[in-house]
Amino acid sequence: MKGRKLLLVSANRLADPYPVYPIGISYLHTYLSGHMPDLEISMADMNLLTISGLAELMKSGNFDYVGVSLRNIDGANSLDRTSFIPGYKEIVDCIRENSSSVIILGGAGFSIFPEVLMSILKPDYGIAGEGEESLRLLLERLDRDENVDGIEGLIKGNGEEGKIKEHSNYLKSLELSFNETLSDFYWEHSGMLNIQTKRGCCYNCIYCSYPIIDGRKVRTLDTDLIVDTLARLNRDKGINYVFFTDSVFNIHNSYNVELAEKIIKSGVKINWGAYFSPHNLTDELLELFKQSGLKHIEFGTESLCTEQMHRYGKNFSFEDVLLNSERCLKHNIFYAHFLILGGLGESERTLRETMENSKKIRFSVFFPYIGMRIYPGTPLHRIAIDMGVVSESDTLLEPTYYIEKGFDLELCRKLAEETGKAWIFPDDPLFGQLDYMRTTKKKKGLIWEYLRKP
Ligand code: B12
Ligand code: SF4
């Protein structure tokens, strides 16, 4: 790879609920630097760069390869159905017009819609799913002019798509170095950095794309390396808040105990938050996590009506939700419940049950989304086809939702208000106030704790 240059571009420009450090390309950068020392790698982030700045960079950079990371396809919010694809097309076209670089796409959003994005954005290659090893193999083979067939997750451009080979060789031990300029920017603008502790999700929620992106097999990452990264962030940059980006944090509790114990032993004082499932927890676990820095939990609860939870494919009940909410309160851990209202099978009765049950949950915030974004390859996709909600040929790339027939959003808002609890709908102006706390008041870490109601 002597003299070869790779640019990794984060195409994400969304600042809602806050701008997110492009951790995917940082993992790629760290891995490739370790395995391909002769490859010169740089990073560009469209949150810091204009399109004309990108054009200039492409003209002057002489990059052999440009990898573009596509994180979000849309806001996954049925109340604002803006698609980000035109913005990504502008970026990929800009790279094409101003360079002769080989263009490779990847990222969480790309991994959900690989074929259709290849046909719209017309890169040379795409890699769906975990990117580190597949990208290394691709670059090495391209450099040696070798056949690239058989690389896991790879999809070729120029109409040569073919069937994507599924991932089966996963990585266990991953180092992570943050880009200095970017970590300063995101610490300043988001008050939070991010790191992964595990990949994959073994659950089967009917609407969820996470197992499609990361795989069903849960892979835990090296705890020593994670603790080292946290210690470096804290020591070198004074960063004291991170989000563990795992699809679900509390999947593998023996591993989580090891991680928490190592963080405590290291003496690193760093707060953290993560997505949790509201079951598979105990008082002892929460106490240990708290000691290791756990400050907030975002529960993927989705409904407060057990019948509805089961319809969504959840294997817990409202009793679990209540029990674990009370446990969080007891251990002084902030917690919010993320909900899907008006999803498959929701009726006025199940909605009213959710609202009634919310009154039993103390000092929390409820973030409801309306309807379910339909993602290709999920059980919901099949159901929606069978019900005639979408056609077999619909790519679903345009923001497409399953909202149960007869669902009444205004009634839903009214019932929510009547509970007297903190219900924050996606179009609530309170989001603006949270932004103000972050940008003007320079508040770090969590913000929604101010919205909690008893
Ligand atoms: C954690 C998370 C969050 C956290 C992030 C916290 C933080 N500080 O980082 C929070 C809660 C804030 C959040 C918010 C949102 N999120 Co989110 N989030 C995730 C989640 C679970 C993990 C993302 C992550 O960091 N993964 C870890 C990194 C290492 O993986 P990665 O980026 O995918 O990178 C790997 C590969 O994709 C690949 N790769 C990446 N780039 C490239 C580039 C090339 C060239 C190649 C070859 C490979 C490659 O290699 C990498 C290493 O293996 C994903 C779901 C998932 N399981 O992926 C959703 C996900 C990305 N989020 C999603 C959405 C929609 C959002 C929000 C818009 C939701 C909202 N309305 O608030 C916001 C947007 C935030 C923003 N400003 O961008 C969607 C995007 C799909 C879509 N519909 O567009 C996802 C996919 C979930 C879903 N619904 O399916 N999110
Ligand atoms: S919703 Fe959460 S628990 Fe369910 S499949 Fe998706 S990531 Fe896993």
# chains A, B, ... in the order shown; residues from 1 in each chain; ligands from 1

call {"tool": "residues_around", "arguments": {"residues": "Tyr21 in chain A", "least_positions_apart": "4", "cutoff": "12 Å", "atoms": "only C-alpha atoms", "output": "PyMOL selection string"}}
result
chain A and resi 10-15+25-27+44-48+71+178-195+242-243+245

call {"tool": "closest_atom_pairs", "arguments": {"of": "chain A", "to": "ligand 1", "cutoff": "6 Å", "atoms": "only C-alpha atoms and all ligand atoms", "output": "tab-separated table"}}
result
residue	atom	partner	partner_atom_place_in_ligand_line	distance
A:Leu14	CA	ligand 1	77 (N)	4.5
A:Ala15	CA	ligand 1	77 (N)	4.4
A:Asp16	CA	ligand 1	77 (N)	4.7
A:Pro17	CA	ligand 1	72 (O)	5.3
A:Tyr18	CA	ligand 1	77 (N)	5.0
A:Pro19	CA	ligand 1	77 (N)	4.1
A:Val20	CA	ligand 1	77 (N)	4.8
A:Ile23	CA	ligand 1	29 (C)	5.2
A:Gly24	CA	ligand 1	34 (O)	3.4
A:Ile25	CA	ligand 1	41 (N)	5.1
A:Tyr27	CA	ligand 1	52 (C)	5.6
A:Leu28	CA	ligand 1	52 (C)	5.9
A:Gly67	CA	ligand 1	45 (C)	3.5
A:Val68	CA	ligand 1	45 (C)	4.6
A:Ser69	CA	ligand 1	43 (C)	3.7
A:Arg71	CA	ligand 1	61 (C)	5.3
A:Asn72	CA	ligand 1	84 (O)	3.4
A:Ile73	CA	ligand 1	84 (O)	3.3
A:Asp74	CA	ligand 1	84 (O)	4.0
A:Gly75	CA	ligand 1	68 (C)	3.8
A:Ala76	CA	ligand 1	65 (C)	4.5
A:Asn77	CA	ligand 1	71 (N)	5.7
A:Ile104	CA	ligand 1	45 (C)	5.0
A:Leu105	CA	ligand 1	45 (C)	4.4
A:Gly106	CA	ligand 1	46 (C)	3.6
A:Gly107	CA	ligand 1	37 (O)	3.2
A:Ala108	CA	ligand 1	33 (O)	4.0
A:Gly109	CA	ligand 1	81 (C)	4.9
A:Ile127	CA	ligand 1	47 (C)	4.8
A:Gly129	CA	ligand 1	36 (C)	5.2
A:Glu130	CA	ligand 1	53 (O)	3.5
A:Gly131	CA	ligand 1	50 (O)	3.4
A:Glu132	CA	ligand 1	53 (O)	5.4
A:Leu135	CA	ligand 1	47 (C)	5.3
A:Met192	CA	ligand 1	8 (N)	5.9
A:Leu193	CA	ligand 1	8 (N)	5.4
A:Asn194	CA	ligand 1	9 (O)	4.8
A:Gln196	CA	ligand 1	27 (C)	6.0
A:Ser209	CA	ligand 1	90 (O)	4.7
A:Tyr210	CA	ligand 1	57 (N)	4.2
A:Ile213	CA	ligand 1	58 (O)	5.7
A:Asp214	CA	ligand 1	57 (N)	5.7
A:Phe243	CA	ligand 1	8 (N)	5.0
A:Thr245	CA	ligand 1	1 (C)	3.8
A:Asp246	CA	ligand 1	21 (C)	5.8
A:Ser247	CA	ligand 1	21 (C)	4.4

call {"tool": "closest_atom_pairs", "arguments": {"of": "chain A", "to": "ligand 2", "cutoff": "7 Å", "atoms": "only C-alpha atoms and all ligand atoms", "output": "CSV"}}
result
residue,atom,partner,partner_atom_place_in_ligand_line,distance
A:Cys201,CA,ligand 2,8 (Fe),4.8
A:Cys202,CA,ligand 2,8 (Fe),6.3
A:Tyr203,CA,ligand 2,5 (S),4.5
A:Asn204,CA,ligand 2,5 (S),4.7
A:Cys205,CA,ligand 2,4 (Fe),4.2
A:Cys208,CA,ligand 2,6 (Fe),4.5
A:Ser209,CA,ligand 2,6 (Fe),6.5
A:Tyr210,CA,ligand 2,7 (S),5.1
A:Pro211,CA,ligand 2,5 (S),6.2
A:Ser247,CA,ligand 2,7 (S),4.7
A:Val248,CA,ligand 2,7 (S),5.6
A:Ser277,CA,ligand 2,3 (S),6.4
A:Gly300,CA,ligand 2,2 (Fe),6.2
A:Lys314,CA,ligand 2,4 (Fe),6.8

call {"tool": "atom_distance", "arguments": {"atom1": "CA of Gly343 in chain A", "atom2": "CA of Ile370 in chain A"}}
result
7.3 Å

call {"tool": "residues_around", "arguments": {"residues": "Glu417 in chain A", "least_positions_apart": "5", "cutoff": "12 Å", "atoms": "only C-alpha atoms", "output": "PyMOL selection string"}}
result
chain A and resi 355-356+358-359+366+410-412+422-425

call {"tool": "write_last_selection", "arguments": {"atoms": "N, CA, C and O atoms", "output": "PDB file, in the first residue's frame"}}
result
ATOM      1  N   MET A 355     -51.021   4.945  28.805  1.00  0.00           N
ATOM      2  CA  MET A 355     -51.098   6.243  29.492  1.00  0.00           C
ATOM      3  C   MET A 355     -51.358   6.059  30.993  1.00  0.00           C
ATOM      4  O   MET A 355     -50.724   6.710  31.820  1.00  0.00           O
ATOM      5  N   GLU A 356     -52.269   5.139  31.330  1.00  0.00           N
ATOM      6  CA  GLU A 356     -52.562   4.878  32.752  1.00  0.00           C
ATOM      7  C   GLU A 356     -51.307   4.380  33.449  1.00  0.00           C
ATOM      8  O   GLU A 356     -50.953   4.834  34.547  1.00  0.00           O
ATOM      9  N   SER A 358     -48.263   4.882  32.688  1.00  0.00           N
ATOM     10  CA  SER A 358     -47.186   5.884  32.805  1.00  0.00           C
ATOM     11  C   SER A 358     -47.311   6.641  34.134  1.00  0.00           C
ATOM     12  O   SER A 358     -46.321   7.123  34.677  1.00  0.00           O
ATOM     13  N   LYS A 359     -48.538   6.705  34.664  1.00  0.00           N
ATOM     14  CA  LYS A 359     -48.726   7.429  35.934  1.00  0.00           C
ATOM     15  C   LYS A 359     -48.029   6.719  37.091  1.00  0.00           C
ATOM     16  O   LYS A 359     -47.758   7.313  38.124  1.00  0.00           O
ATOM     17  N   PHE A 366     -40.847  10.413  29.108  1.00  0.00           N
ATOM     18  CA  PHE A 366     -41.317   9.508  28.059  1.00  0.00           C
ATOM     19  C   PHE A 366     -41.106  10.186  26.710  1.00  0.00           C
ATOM     20  O   PHE A 366     -41.570  11.311  26.504  1.00  0.00           O
ATOM     21  N   GLU A 410     -54.089  13.284  18.039  1.00  0.00           N
ATOM     22  CA  GLU A 410     -54.529  14.363  18.948  1.00  0.00           C
ATOM     23  C   GLU A 410     -55.053  13.787  20.256  1.00  0.00           C
ATOM     24  O   GLU A 410     -54.766  14.308  21.336  1.00  0.00           O
ATOM     25  N   LEU A 411     -55.766  12.680  20.164  1.00  0.00           N
ATOM     26  CA  LEU A 411     -56.234  12.013  21.395  1.00  0.00           C
ATOM     27  C   LEU A 411     -55.017  11.561  22.215  1.00  0.00           C
ATOM     28  O   LEU A 411     -54.974  11.714  23.443  1.00  0.00           O
ATOM     29  N   CYS A 412     -54.049  11.056  21.516  1.00  0.00           N
ATOM     30  CA  CYS A 412     -52.836  10.561  22.172  1.00  0.00           C
ATOM     31  C   CYS A 412     -52.131  11.691  22.938  1.00  0.00           C
ATOM     32  O   CYS A 412     -51.759  11.540  24.103  1.00  0.00           O
ATOM     33  N   ALA A 422     -43.998  13.677  32.283  1.00  0.00           N
ATOM     34  CA  ALA A 422     -43.183  14.360  31.259  1.00  0.00           C
ATOM     35  C   ALA A 422     -43.207  13.564  29.957  1.00  0.00           C
ATOM     36  O   ALA A 422     -42.412  12.633  29.763  1.00  0.00           O
ATOM     37  N   TRP A 423     -44.148  13.911  29.103  1.00  0.00           N
ATOM     38  CA  TRP A 423     -44.243  13.285  27.777  1.00  0.00           C
ATOM     39  C   TRP A 423     -43.681  14.283  26.767  1.00  0.00           C
ATOM     40  O   TRP A 423     -44.215  15.377  26.616  1.00  0.00           O
ATOM     41  N   ILE A 424     -42.631  13.890  26.055  1.00  0.00           N
ATOM     42  CA  ILE A 424     -42.019  14.812  25.095  1.00  0.00           C
ATOM     43  C   ILE A 424     -42.147  14.213  23.694  1.00  0.00           C
ATOM     44  O   ILE A 424     -41.384  13.308  23.313  1.00  0.00           O
ATOM     45  N   PHE A 425     -43.104  14.742  22.930  1.00  0.00           N
ATOM     46  CA  PHE A 425     -43.295  14.262  21.552  1.00  0.00           C
ATOM     47  C   PHE A 425     -42.164  14.820  20.676  1.00  0.00           C
ATOM     48  O   PHE A 425     -41.572  15.849  21.014  1.00  0.00           O
TER      49      PHE A 425
END

call {"tool": "select_by_dssp", "arguments": {"residues": "range 260-422 of chain A", "states": "alpha helix (DSSP H)", "output": "PyMOL selection string"}}
result
chain A and resi 260-266+283-291+306-311+318-330+348-358+379-386+409-418

call {"tool": "residues_around", "arguments": {"residues": "Glu40 in chain A", "least_positions_apart": "2", "cutoff": "12 Å", "atoms": "only C-alpha atoms", "output": "PyMOL selection string"}}
result
chain A and resi 1-8+29-30+32-38+42-43+61-66

call {"tool": "closest_residue", "arguments": {"among": "A:Ile155, A:Ile361, A:Ile333, A:Leu285", "to": "Thr419 in chain A", "atoms": "only C-alpha atoms"}}
result
A:Ile361

call {"tool": "select_by_dssp", "arguments": {"residues": "range 246-402 of chain A", "states": "strand (DSSP E)", "output": "MDAnalysis selection string"}}
result
chainID A and resid 271:276 294:302 334:341 365:370 372:373 401:402

call {"tool": "write_last_selection", "arguments": {"atoms": "C-alpha atoms", "output": "tab-separated table (two decimals), in the first residue's frame"}}
result
chain	number	residue	atom	x	y	z
A	271	ASN	CA	-19.97	9.09	33.55
A	272	TRP	CA	-21.76	6.98	31.01
A	273	GLY	CA	-25.17	6.28	29.55
A	274	ALA	CA	-26.52	3.58	27.24
A	275	TYR	CA	-29.57	1.96	25.71
A	276	PHE	CA	-30.94	-0.71	28.04
A	294	LEU	CA	-23.57	4.87	34.94
A	295	LYS	CA	-25.52	8.11	35.05
A	296	HIS	CA	-28.39	7.61	32.62
A	297	ILE	CA	-30.36	4.86	30.91
A	298	GLU	CA	-32.44	5.13	27.74
A	299	PHE	CA	-34.88	2.24	27.96
A	300	GLY	CA	-36.13	0.80	24.66
A	301	THR	CA	-39.51	0.07	26.25
A	302	GLU	CA	-41.75	0.92	23.25
A	334	PHE	CA	-31.64	8.92	35.50
A	335	TYR	CA	-33.87	6.97	33.16
A	336	ALA	CA	-36.16	7.71	30.19
A	337	HIS	CA	-38.52	5.42	28.32
A	338	PHE	CA	-38.56	5.51	24.51
A	339	LEU	CA	-41.93	4.43	23.15
A	340	ILE	CA	-43.63	3.59	19.87
A	341	LEU	CA	-47.29	4.63	19.96
A	365	VAL	CA	-39.30	11.17	30.84
A	366	PHE	CA	-41.32	9.51	28.06
A	367	PHE	CA	-40.15	10.03	24.49
A	368	PRO	CA	-42.90	8.68	22.19
A	369	TYR	CA	-42.45	8.14	18.46
A	370	ILE	CA	-45.54	7.74	16.34
A	372	MET	CA	-43.03	2.19	13.23
A	373	ARG	CA	-40.49	2.97	10.52
A	401	TYR	CA	-44.24	4.07	8.51
A	402	TYR	CA	-46.70	1.59	9.84

call {"tool": "residues_around", "arguments": {"residues": "Thr354 in chain A", "least_positions_apart": "5", "cutoff": "7 Å", "atoms": "only C-alpha atoms", "output": "PyMOL selection string"}}
result
chain A and resi 303-305

call {"tool": "residues_around", "arguments": {"residues": "Leu434 in chain A", "least_positions_apart": "3", "cutoff": "8 Å", "atoms": "only C-alpha atoms", "output": "ChimeraX atom specification"}}
result
/A:430-431,437-438,447-448

call {"tool": "atom_distance", "arguments": {"atom1": "CA of Val257 in chain A", "atom2": "CA of Ser292 in chain A"}}
result
9.8 Å

call {"tool": "atom_distance", "arguments": {"atom1": "CA of Leu154 in chain A", "atom2": "CA of His252 in chain A"}}
result
29.1 Å

call {"tool": "closest_residue", "arguments": {"among": "A:Ile51, A:Ile403, A:Val102, A:Leu57", "to": "Leu139 in chain A", "atoms": "only C-alpha atoms"}}
result
A:Val102

call {"tool": "residues_around", "arguments": {"residues": "Gly345 in chain A", "least_positions_apart": "2", "cutoff": "10 Å", "atoms": "only C-alpha atoms", "output": "ChimeraX atom specification"}}
result
/A:307-308,311-312,342-343,347-348,350,403-405,407

call {"tool": "closest_residue", "arguments": {"among": "A:Asp145, A:Asp435, A:Gly87, A:Asn158", "to": "Ile103 in chain A", "atoms": "only C-alpha atoms"}}
result
A:Asn158
